[in-house]
$ cat coords06.tsv   # TSV, C-alpha atoms
chain	number	residue	atom	x	y	z
A	1	MET	CA	-75.04	-12.55	64.31
A	2	VAL	CA	-73.94	-16.20	64.71
A	3	VAL	CA	-76.59	-18.28	66.47
A	4	MET	CA	-75.11	-20.07	69.49
A	5	ASN	CA	-76.65	-22.36	72.06
A	6	LYS	CA	-75.72	-22.11	75.73
A	7	THR	CA	-72.93	-24.68	75.52
A	8	ASN	CA	-71.39	-23.11	72.44
A	9	LEU	CA	-71.51	-19.68	74.09
A	10	LEU	CA	-69.54	-20.98	77.08
A	11	LEU	CA	-67.06	-22.77	74.82
A	12	LEU	CA	-66.60	-19.61	72.78
A	13	THR	CA	-65.89	-17.59	75.91
A	14	LEU	CA	-63.33	-20.18	77.03
A	15	SER	CA	-61.67	-20.29	73.61
A	16	LEU	CA	-61.31	-16.53	73.59
A	17	PHE	CA	-59.48	-16.69	76.91
A	18	LEU	CA	-57.17	-19.41	75.60
A	19	ALA	CA	-56.52	-17.84	72.20
A	20	ILE	CA	-55.86	-14.30	73.44
A	21	ASN	CA	-52.81	-12.61	71.96
A	22	LEU	CA	-50.49	-11.50	74.75
A	23	SER	CA	-48.38	-9.26	72.54
A	24	SER	CA	-46.46	-6.65	74.51
A	25	ALA	CA	-47.09	-4.04	71.81
A	26	GLN	CA	-49.59	-1.44	73.00
A	27	LEU	CA	-52.52	-0.22	70.97
A	28	ARG	CA	-53.16	3.47	71.38
A	29	GLY	CA	-55.63	6.09	70.26
A	30	ASP	CA	-53.04	8.36	68.65
A	31	PHE	CA	-51.25	5.64	66.68
A	32	TYR	CA	-51.68	7.50	63.38
A	33	ALA	CA	-51.06	11.01	64.73
A	34	GLY	CA	-47.81	11.36	62.83
A	35	THR	CA	-48.80	9.58	59.62
A	36	CYS	CA	-52.53	10.17	59.07
A	37	PRO	CA	-53.80	12.58	61.74
A	38	ASN	CA	-57.30	12.95	60.24
A	39	VAL	CA	-57.93	9.25	59.74
A	40	GLU	CA	-60.87	9.04	62.17
A	41	GLN	CA	-62.74	11.88	60.48
A	42	ILE	CA	-62.01	10.47	57.04
A	43	VAL	CA	-63.44	7.09	58.05
A	44	ARG	CA	-66.47	8.66	59.75
A	45	ASN	CA	-67.28	10.74	56.67
A	46	ALA	CA	-67.12	7.64	54.49
A	47	VAL	CA	-69.34	5.73	56.93
A	48	GLN	CA	-71.90	8.54	57.04
A	49	LYS	CA	-72.07	8.62	53.27
A	50	LYS	CA	-72.57	4.85	53.12
A	51	ILE	CA	-75.37	4.98	55.73
A	52	GLN	CA	-77.13	7.63	53.66
A	53	GLN	CA	-77.14	5.14	50.80
A	54	THR	CA	-78.52	2.25	52.89
A	55	PHE	CA	-79.34	1.71	56.56
A	56	THR	CA	-78.15	-1.91	56.23
A	57	THR	CA	-74.65	-0.44	56.51
A	58	ILE	CA	-75.10	-0.20	60.28
A	59	PRO	CA	-75.96	-3.79	61.28
A	60	ALA	CA	-73.82	-5.22	58.47
A	61	THR	CA	-70.66	-3.43	59.64
A	62	LEU	CA	-71.26	-4.30	63.29
A	63	ARG	CA	-71.81	-7.96	62.43
A	64	LEU	CA	-68.72	-8.03	60.21
A	65	TYR	CA	-66.60	-6.76	63.12
A	66	PHE	CA	-67.91	-9.46	65.46
A	67	HIS	CA	-67.27	-12.23	62.93
A	68	ASP	CA	-63.76	-10.94	62.29
A	69	CYS	CA	-62.74	-10.62	65.94
A	70	PHE	CA	-64.30	-13.87	67.19
A	71	VAL	CA	-62.31	-15.93	64.66
A	72	ASN	CA	-58.51	-15.51	64.44
A	73	GLY	CA	-58.67	-12.08	66.08
A	74	CYS	CA	-59.31	-8.53	64.87
A	75	ASP	CA	-57.17	-8.56	61.75
A	76	ALA	CA	-59.75	-8.02	58.97
A	77	SER	CA	-59.02	-11.56	57.74
A	78	VAL	CA	-62.78	-12.10	57.28
A	79	MET	CA	-62.63	-9.73	54.31
A	80	ILE	CA	-60.07	-11.66	52.27
A	81	ALA	CA	-61.53	-13.43	49.24
A	82	SER	CA	-60.82	-17.09	48.49
A	83	THR	CA	-58.30	-18.06	45.82
A	84	ASN	CA	-57.93	-21.20	43.73
A	85	THR	CA	-55.57	-22.64	46.34
A	86	ASN	CA	-57.08	-21.26	49.56
A	87	LYS	CA	-60.63	-21.21	50.91
A	88	ALA	CA	-60.80	-18.02	52.91
A	89	GLU	CA	-62.46	-17.34	56.26
A	90	LYS	CA	-64.97	-15.23	54.34
A	91	ASP	CA	-66.39	-18.35	52.68
A	92	HIS	CA	-66.89	-20.37	55.86
A	93	GLU	CA	-70.56	-21.33	56.22
A	94	ASP	CA	-70.95	-19.09	59.30
A	95	ASN	CA	-69.85	-16.08	57.24
A	96	LEU	CA	-71.80	-16.67	54.04
A	97	SER	CA	-74.76	-14.65	55.36
A	98	LEU	CA	-72.69	-11.56	56.08
A	99	ALA	CA	-74.25	-8.65	54.21
A	100	GLY	CA	-72.20	-7.09	51.45
A	101	ASP	CA	-72.77	-3.60	52.83
A	102	GLY	CA	-70.43	-4.35	55.74
A	103	PHE	CA	-67.59	-5.26	53.41
A	104	ASP	CA	-68.39	-2.30	51.17
A	105	THR	CA	-68.24	0.09	54.14
A	106	VAL	CA	-64.65	-0.91	54.88
A	107	ILE	CA	-63.68	-0.84	51.21
A	108	LYS	CA	-65.11	2.65	50.73
A	109	ALA	CA	-63.48	3.94	53.92
A	110	LYS	CA	-60.15	2.40	52.89
A	111	GLU	CA	-60.42	4.11	49.51
A	112	ALA	CA	-61.14	7.45	51.20
A	113	VAL	CA	-58.14	7.07	53.51
A	114	ASP	CA	-55.78	6.05	50.71
A	115	ALA	CA	-56.95	9.01	48.62
A	116	VAL	CA	-55.04	11.26	51.05
A	117	PRO	CA	-51.39	11.12	49.92
A	118	ASN	CA	-49.76	11.02	53.36
A	119	CYS	CA	-52.23	8.32	54.50
A	120	ARG	CA	-51.90	5.98	51.54
A	121	ASN	CA	-51.04	2.41	52.62
A	122	LYS	CA	-50.44	3.61	56.18
A	123	VAL	CA	-53.73	2.53	57.84
A	124	SER	CA	-54.64	-1.14	58.25
A	125	CYS	CA	-57.97	-2.59	57.14
A	126	ALA	CA	-58.38	-3.95	60.69
A	127	ASP	CA	-58.15	-0.45	62.16
A	128	ILE	CA	-60.52	0.92	59.55
A	129	LEU	CA	-63.06	-1.81	60.39
A	130	THR	CA	-62.66	-0.98	64.10
A	131	MET	CA	-63.23	2.73	63.52
A	132	ALA	CA	-66.13	2.15	61.15
A	133	THR	CA	-67.82	-0.14	63.69
A	134	ARG	CA	-67.53	2.51	66.41
A	135	ASP	CA	-69.02	5.04	64.00
A	136	VAL	CA	-72.06	2.95	62.96
A	137	VAL	CA	-72.87	2.29	66.63
A	138	ASN	CA	-72.74	6.01	67.37
A	139	LEU	CA	-74.65	7.04	64.25
A	140	ALA	CA	-77.42	4.60	65.23
A	141	GLY	CA	-77.89	6.46	68.50
A	142	GLY	CA	-75.36	4.50	70.52
A	143	PRO	CA	-72.41	5.84	72.52
A	144	GLN	CA	-69.36	7.56	71.09
A	145	TYR	CA	-66.09	6.10	72.35
A	146	ALA	CA	-62.38	6.24	71.65
A	147	VAL	CA	-60.87	3.25	69.85
A	148	GLU	CA	-57.40	1.81	70.24
A	149	LEU	CA	-55.43	1.68	67.05
A	150	GLY	CA	-52.21	0.11	65.78
A	151	ARG	CA	-53.77	-3.27	65.88
A	152	ARG	CA	-54.20	-7.50	72.53
A	153	ASP	CA	-56.97	-9.16	78.11
A	154	GLY	CA	-59.76	-11.36	77.57
A	155	LEU	CA	-63.56	-11.33	77.53
A	156	SER	CA	-65.55	-12.00	80.71
A	157	PRO	CA	-69.10	-13.47	80.84
A	158	ASN	CA	-70.36	-9.90	81.36
A	159	ASP	CA	-68.57	-8.88	78.18
A	160	MET	CA	-70.41	-11.61	76.29
A	161	ILE	CA	-73.74	-10.36	77.69
A	162	ALA	CA	-72.89	-6.79	76.70
A	163	LEU	CA	-71.78	-7.78	73.20
A	164	SER	CA	-75.00	-9.75	72.72
A	165	GLY	CA	-76.72	-6.38	73.06
A	166	ALA	CA	-75.61	-5.68	69.51
A	167	HIS	CA	-78.71	-7.70	68.54
A	168	THR	CA	-80.56	-4.46	69.16
A	169	LEU	CA	-79.68	-3.75	65.51
A	170	GLY	CA	-80.03	-5.74	62.33
A	171	PHE	CA	-81.91	-8.77	61.10
A	172	ALA	CA	-81.75	-12.56	60.80
A	173	HIS	CA	-83.12	-15.01	58.28
A	174	CYS	CA	-86.34	-16.78	59.25
A	175	THR	CA	-84.69	-20.17	58.87
A	176	LYS	CA	-82.49	-19.37	61.88
A	177	VAL	CA	-85.53	-19.44	64.21
A	178	PHE	CA	-87.58	-22.23	62.61
A	179	ASN	CA	-86.45	-24.73	65.24
A	180	ARG	CA	-87.85	-22.53	68.04
A	181	LEU	CA	-91.18	-22.10	66.26
A	182	TYR	CA	-91.93	-25.48	64.70
A	183	ASN	CA	-89.62	-28.24	65.96
A	184	PHE	CA	-88.11	-27.29	69.30
A	185	ASN	CA	-87.93	-30.71	70.97
A	186	LYS	CA	-89.85	-33.96	71.45
A	187	THR	CA	-92.09	-32.39	74.10
A	188	ASN	CA	-92.72	-28.95	72.63
A	189	ASN	CA	-92.96	-27.87	69.02
A	190	VAL	CA	-92.55	-24.25	70.16
A	191	ASP	CA	-89.85	-23.09	72.57
A	192	PRO	CA	-91.81	-22.46	75.80
A	193	THR	CA	-89.56	-19.56	76.76
A	194	ILE	CA	-90.86	-17.42	73.87
A	195	ASN	CA	-93.60	-14.90	74.63
A	196	LYS	CA	-96.88	-16.29	73.17
A	197	ASP	CA	-97.73	-13.06	71.37
A	198	TYR	CA	-94.22	-12.98	69.94
A	199	VAL	CA	-94.68	-16.56	68.69
A	200	THR	CA	-97.80	-15.46	66.80
A	201	GLU	CA	-95.91	-12.52	65.33
A	202	LEU	CA	-92.92	-14.64	64.32
A	203	LYS	CA	-95.06	-17.34	62.71
A	204	ALA	CA	-96.90	-14.70	60.71
A	205	SER	CA	-93.61	-13.29	59.47
A	206	CYS	CA	-91.91	-16.69	59.08
A	207	PRO	CA	-94.34	-19.40	57.90
A	208	GLN	CA	-92.71	-22.77	57.28
A	209	ASN	CA	-92.90	-22.50	53.50
A	210	ILE	CA	-91.29	-19.05	53.36
A	211	ASP	CA	-88.42	-18.14	51.04
A	212	PRO	CA	-85.23	-18.84	53.07
A	213	ARG	CA	-83.87	-15.46	52.01
A	214	VAL	CA	-86.57	-13.58	53.94
A	215	ALA	CA	-85.27	-11.86	57.09
A	216	ILE	CA	-86.84	-10.37	60.21
A	217	ASN	CA	-85.66	-7.78	62.72
A	218	MET	CA	-83.75	-9.12	65.73
A	219	ASP	CA	-85.28	-6.38	67.88
A	220	PRO	CA	-89.04	-6.29	67.19
A	221	ASN	CA	-89.47	-2.86	68.80
A	222	THR	CA	-86.60	-0.50	67.90
A	223	PRO	CA	-84.59	-2.30	65.18
A	224	ARG	CA	-82.97	0.87	63.84
A	225	GLN	CA	-81.97	2.35	67.19
A	226	PHE	CA	-78.98	1.34	69.30
A	227	ASP	CA	-80.46	1.13	72.79
A	228	ASN	CA	-81.10	-1.17	75.75
A	229	VAL	CA	-84.50	-2.38	74.49
A	230	TYR	CA	-82.84	-5.70	73.60
A	231	TYR	CA	-82.65	-6.48	77.33
A	232	LYS	CA	-86.22	-5.31	77.92
A	233	ASN	CA	-87.27	-7.71	75.18
A	234	LEU	CA	-85.53	-10.57	76.99
A	235	GLN	CA	-87.52	-9.76	80.14
A	236	GLN	CA	-90.69	-10.22	78.09
A	237	GLY	CA	-89.60	-13.47	76.45
A	238	LYS	CA	-88.89	-11.74	73.15
A	239	GLY	CA	-85.31	-12.82	72.51
A	240	LEU	CA	-85.11	-13.98	68.89
A	241	PHE	CA	-82.48	-16.68	69.40
A	242	THR	CA	-82.09	-19.26	72.14
A	243	SER	CA	-78.67	-17.76	72.85
A	244	ASP	CA	-80.44	-14.44	73.50
A	245	GLN	CA	-83.24	-15.67	75.75
A	246	VAL	CA	-80.95	-17.88	77.84
A	247	LEU	CA	-79.31	-14.70	79.13
A	248	PHE	CA	-82.56	-13.99	80.98
A	249	THR	CA	-83.55	-17.54	81.93
A	250	ASP	CA	-80.08	-18.34	83.31
A	251	SER	CA	-79.87	-17.16	86.94
A	252	ARG	CA	-76.21	-16.25	86.47
A	253	SER	CA	-76.82	-13.65	83.77
A	254	LYS	CA	-80.39	-12.56	84.65
A	255	PRO	CA	-79.32	-9.86	87.18
A	256	THR	CA	-77.15	-8.22	84.52
A	257	VAL	CA	-79.97	-8.33	81.97
A	258	ASP	CA	-82.31	-6.72	84.52
A	259	LEU	CA	-79.75	-4.07	85.40
A	260	TRP	CA	-79.12	-3.03	81.82
A	261	ALA	CA	-82.81	-3.22	80.91
A	262	ASN	CA	-83.43	-0.58	83.57
A	263	ASN	CA	-80.38	1.56	82.89
A	264	GLY	CA	-79.36	2.31	79.32
A	265	GLN	CA	-76.38	4.39	80.43
A	266	LEU	CA	-74.86	1.48	82.34
A	267	PHE	CA	-75.36	-0.73	79.28
A	268	ASN	CA	-73.66	1.82	77.05
A	269	GLN	CA	-70.68	1.96	79.42
A	270	ALA	CA	-70.44	-1.85	79.53
A	271	PHE	CA	-70.77	-2.09	75.75
A	272	ILE	CA	-67.96	0.42	75.21
A	273	SER	CA	-65.66	-1.47	77.57
A	274	SER	CA	-66.45	-4.83	75.94
A	275	MET	CA	-66.02	-3.51	72.41
A	276	ILE	CA	-62.59	-2.12	73.30
A	277	LYS	CA	-61.58	-5.46	74.83
A	278	LEU	CA	-62.94	-7.34	71.82
A	279	GLY	CA	-60.77	-5.14	69.62
A	280	ARG	CA	-57.67	-6.45	71.42
A	281	VAL	CA	-58.40	-10.13	70.79
A	282	GLY	CA	-55.81	-11.84	68.60
A	283	VAL	CA	-54.38	-8.55	67.37
A	284	LYS	CA	-51.37	-8.54	65.07
A	285	THR	CA	-48.97	-5.64	65.52
A	286	GLY	CA	-45.67	-4.49	64.06
A	287	SER	CA	-43.83	-7.10	62.01
A	288	ASN	CA	-46.42	-9.78	62.89
A	289	GLY	CA	-48.77	-8.38	60.26
A	290	ASN	CA	-48.96	-5.93	57.39
A	291	ILE	CA	-51.06	-3.14	55.93
A	292	ARG	CA	-53.03	-4.39	52.94
A	293	ARG	CA	-53.55	-2.17	49.93
A	294	ASP	CA	-56.71	-4.13	49.10
A	295	CYS	CA	-58.80	-5.21	52.10
A	296	GLY	CA	-60.14	-8.14	50.08
A	297	ALA	CA	-56.79	-9.61	49.08
A	298	PHE	CA	-53.58	-10.89	50.68
A	299	ASN	CA	-51.39	-8.08	49.29
$ encode --input "coords06.tsv" --output "structure tokens"
Amino acid sequence: MVVMNKTNLLLLTLSLFLAINLSSAQLRGDFYAGTCPNVEQIVRNAVQKKIQQTFTTIPATLRLYFHDCFVNGCDASVMIASTNTNKAEKDHEDNLSLAGDGFDTVIKAKEAVDAVPNCRNKVSCADILTMATRDVVNLAGGPQYAVELGRRDGLSPNDMIALSGAHTLGFAHCTKVFNRLYNFNKTNNVDPTINKDYVTELKASCPQNIDPRVAINMDPNTPRQFDNVYYKNLQQGKGLFTSDQVLFTDSRSKPTVDLWANNGQLFNQAFISSMIKLGRVGVKTGSNGNIRRDCGAFN
């Protein structure tokens, strides 16, 4: 996930409100009922197969969805490769660390969909990414939920807290937390909000001279399970990023963290709602967009 400080998190929330697409076109669950009625099962089968090949599929797909929707809306633009005349969103420095398995998941699912004659070139890459993200969450033990298809509502502070819960899965490079461990500020080398035992653990896993490609789990307890342990970790000072731990140290978000730490079902419900709303951000519908044959190209 993108590392954000408190100010950037607030600015991001504000920008999402300002940039929201107010298109009158309605997304709906049965958008492909008449053109590709089995699309959800086709995508799920492809996702399951990819997960069997590598678990990284799960956090990589989830992270890809977040990066796509937070910048220019949920239109799968993050997948488009750069050309000689255009540097694509994919090659922005914030996206360079996106794992290839996320991209590959969408590509494989798109291939599976287009292999069905009546579905060929009928389903957008953006919708496939949305369905695949829902599926990896569910296959990691998270909730199953219906997605809106046909690729518009804004995100509240509670939505941002819920979406941060996605850090229950996946990993981050050690270099992303060096500042909290070795050079936090003029007064403290180590961020004082980190649990002392967790500091010892992190320093052992991420010494200063470590290869920058080395990564660590964002959830030190259940990194392969979608659950509410992320919020329990925050209560113990075990948020990996400053943008994580501030959710507990800030009095405005602390009650929500405590609530979801104690009730996984409520967190699941909030996560579902926020994911659906995120999927409406900056959506292109009808003649405002197209259906790409190749998710990695403009065609």
$ residues_around --input "coords06.tsv" --residues "A:Ala46" --least-positions-apart "6" --cutoff "9 Å" --atoms "only C-alpha atoms" --output "JSON, numbers by chain"
{"A": [105, 106, 108, 109, 110, 112, 132]}
$ closest_residue --input "coords06.tsv" --among "A:Thr285, A:Thr242, A:Ser253, A:Thr35" --to "A:Asp114" --atoms "all atoms listed in the file"
A:Thr35
$ closest_atom_pairs --input "coords06.tsv" --of "stretch 73-168 of chain A" --to "stretch 49-57 of chain A" --cutoff "9 Å" --atoms "all atoms listed in the file" --output "JSON lines"
{"residue": "A:Ala99", "atom": "CA", "partner": "A:Thr56", "partner_atom": "CA", "distance": 8.0}
{"residue": "A:Gly100", "atom": "CA", "partner": "A:Thr57", "partner_atom": "CA", "distance": 8.7}
{"residue": "A:Asp101", "atom": "CA", "partner": "A:Thr57", "partner_atom": "CA", "distance": 5.2}
{"residue": "A:Gly102", "atom": "CA", "partner": "A:Thr57", "partner_atom": "CA", "distance": 5.8}
{"residue": "A:Asp104", "atom": "CA", "partner": "A:Thr57", "partner_atom": "CA", "distance": 8.4}
{"residue": "A:Thr105", "atom": "CA", "partner": "A:Lys50", "partner_atom": "CA", "distance": 6.5}
{"residue": "A:Lys108", "atom": "CA", "partner": "A:Lys50", "partner_atom": "CA", "distance": 8.1}
{"residue": "A:Val136", "atom": "CA", "partner": "A:Thr57", "partner_atom": "CA", "distance": 7.7}
{"residue": "A:Leu139", "atom": "CA", "partner": "A:Ile51", "partner_atom": "CA", "distance": 8.8}
$ residues_near_point --input "coords06.tsv" --point "(-64.4, 1.0, 74.5)" --cutoff "10 Å" --atoms "only C-alpha atoms" --output "ChimeraX atom specification"
/A:134,143-148,268-279
$ closest_residue --input "coords06.tsv" --among "A:Asn288, A:Thr168, A:Thr200, A:Asn263" --to "A:Tyr182" --atoms "only C-alpha atoms"
A:Thr200
$ atom_distance --input "coords06.tsv" --atom1 "atom CA of A:Pro220" --atom2 "atom CA of A:Glu201"
9.5 Å
$ closest_residue --input "coords06.tsv" --among "A:Gly142, A:Gly170, A:Gly237, A:Gly150" --to "A:Thr249" --atoms "all atoms listed in the file"
A:Gly237
$ residues_around --input "coords06.tsv" --residues "A:Pro223" --least-positions-apart "2" --cutoff "10 Å" --atoms "all atoms listed in the file" --output "PDB file with C-alpha atoms, in the frame of the given file"
ATOM      1  CA  PRO A  59     -75.960  -3.790  61.280  1.00  0.00           C
ATOM      2  CA  ALA A 140     -77.420   4.600  65.230  1.00  0.00           C
ATOM      3  CA  HIS A 167     -78.710  -7.700  68.540  1.00  0.00           C
ATOM      4  CA  THR A 168     -80.560  -4.460  69.160  1.00  0.00           C
ATOM      5  CA  LEU A 169     -79.680  -3.750  65.510  1.00  0.00           C
ATOM      6  CA  GLY A 170     -80.030  -5.740  62.330  1.00  0.00           C
ATOM      7  CA  PHE A 171     -81.910  -8.770  61.100  1.00  0.00           C
ATOM      8  CA  ILE A 216     -86.840 -10.370  60.210  1.00  0.00           C
ATOM      9  CA  ASN A 217     -85.660  -7.780  62.720  1.00  0.00           C
ATOM     10  CA  MET A 218     -83.750  -9.120  65.730  1.00  0.00           C
ATOM     11  CA  ASP A 219     -85.280  -6.380  67.880  1.00  0.00           C
ATOM     12  CA  PRO A 220     -89.040  -6.290  67.190  1.00  0.00           C
ATOM     13  CA  ASN A 221     -89.470  -2.860  68.800  1.00  0.00           C
ATOM     14  CA  GLN A 225     -81.970   2.350  67.190  1.00  0.00           C
ATOM     15  CA  PHE A 226     -78.980   1.340  69.300  1.00  0.00           C
ATOM     16  CA  ASP A 227     -80.460   1.130  72.790  1.00  0.00           C
ATOM     17  CA  VAL A 229     -84.500  -2.380  74.490  1.00  0.00           C
ATOM     18  CA  TYR A 230     -82.840  -5.700  73.600  1.00  0.00           C
TER      19      TYR A 230
END
$ residues_around --input "coords06.tsv" --residues "A:Leu149" --least-positions-apart "5" --cutoff "8 Å" --atoms "all atoms listed in the file" --output "list in words"
Leu27, Arg28, Gly29, Asp30, Phe31, Tyr32 and Asp127 of chain A
$ atom_distance --input "coords06.tsv" --atom1 "atom CA of A:Leu96" --atom2 "atom CA of A:Leu240"
20.1 Å
$ residues_around --input "coords06.tsv" --residues "A:Asp68" --least-positions-apart "5" --cutoff "12 Å" --atoms "only C-alpha atoms" --output "PyMOL selection string"
chain A and resi 1-2+61-63+73-80+89-90+92+94-95+98+102-103+125-127+129-130+133+278-283
$ closest_residue --input "coords06.tsv" --among "A:Arg292, A:Arg252, A:Arg44, A:Arg180" --to "A:Gly239" --atoms "only C-alpha atoms"
A:Arg180
$ closest_residue --input "coords06.tsv" --among "A:Val257, A:Val214, A:Cys69, A:Met131" --to "A:Tyr231" --atoms "all atoms listed in the file"
A:Val257
$ atom_distance --input "coords06.tsv" --atom1 "atom CA of A:Ala33" --atom2 "atom CA of A:Cys119"
10.6 Å
$ residues_around --input "coords06.tsv" --residues "A:Asp244" --least-positions-apart "2" --cutoff "9 Å" --atoms "all atoms listed in the file" --output "mmCIF file with C-alpha atoms, in the coordinates of the input"
data_model
loop_
_atom_site.group_PDB
_atom_site.id
_atom_site.type_symbol
_atom_site.label_atom_id
_atom_site.label_comp_id
_atom_site.auth_asym_id
_atom_site.auth_seq_id
_atom_site.Cartn_x
_atom_site.Cartn_y
_atom_site.Cartn_z
ATOM 1 C CA VAL A 3 -76.590 -18.280 66.470
ATOM 2 C CA MET A 4 -75.110 -20.070 69.490
ATOM 3 C CA ASN A 5 -76.650 -22.360 72.060
ATOM 4 C CA ILE A 161 -73.740 -10.360 77.690
ATOM 5 C CA SER A 164 -75.000 -9.750 72.720
ATOM 6 C CA GLY A 165 -76.720 -6.380 73.060
ATOM 7 C CA HIS A 167 -78.710 -7.700 68.540
ATOM 8 C CA LEU A 234 -85.530 -10.570 76.990
ATOM 9 C CA LYS A 238 -88.890 -11.740 73.150
ATOM 10 C CA GLY A 239 -85.310 -12.820 72.510
ATOM 11 C CA LEU A 240 -85.110 -13.980 68.890
ATOM 12 C CA PHE A 241 -82.480 -16.680 69.400
ATOM 13 C CA THR A 242 -82.090 -19.260 72.140
ATOM 14 C CA VAL A 246 -80.950 -17.880 77.840
ATOM 15 C CA LEU A 247 -79.310 -14.700 79.130
ATOM 16 C CA PHE A 248 -82.560 -13.990 80.980
#
$ closest_residue --input "coords06.tsv" --among "A:Ile194, A:Gly34, A:Leu266, A:Phe70" --to "A:Gly154" --atoms "all atoms listed in the file"
A:Phe70
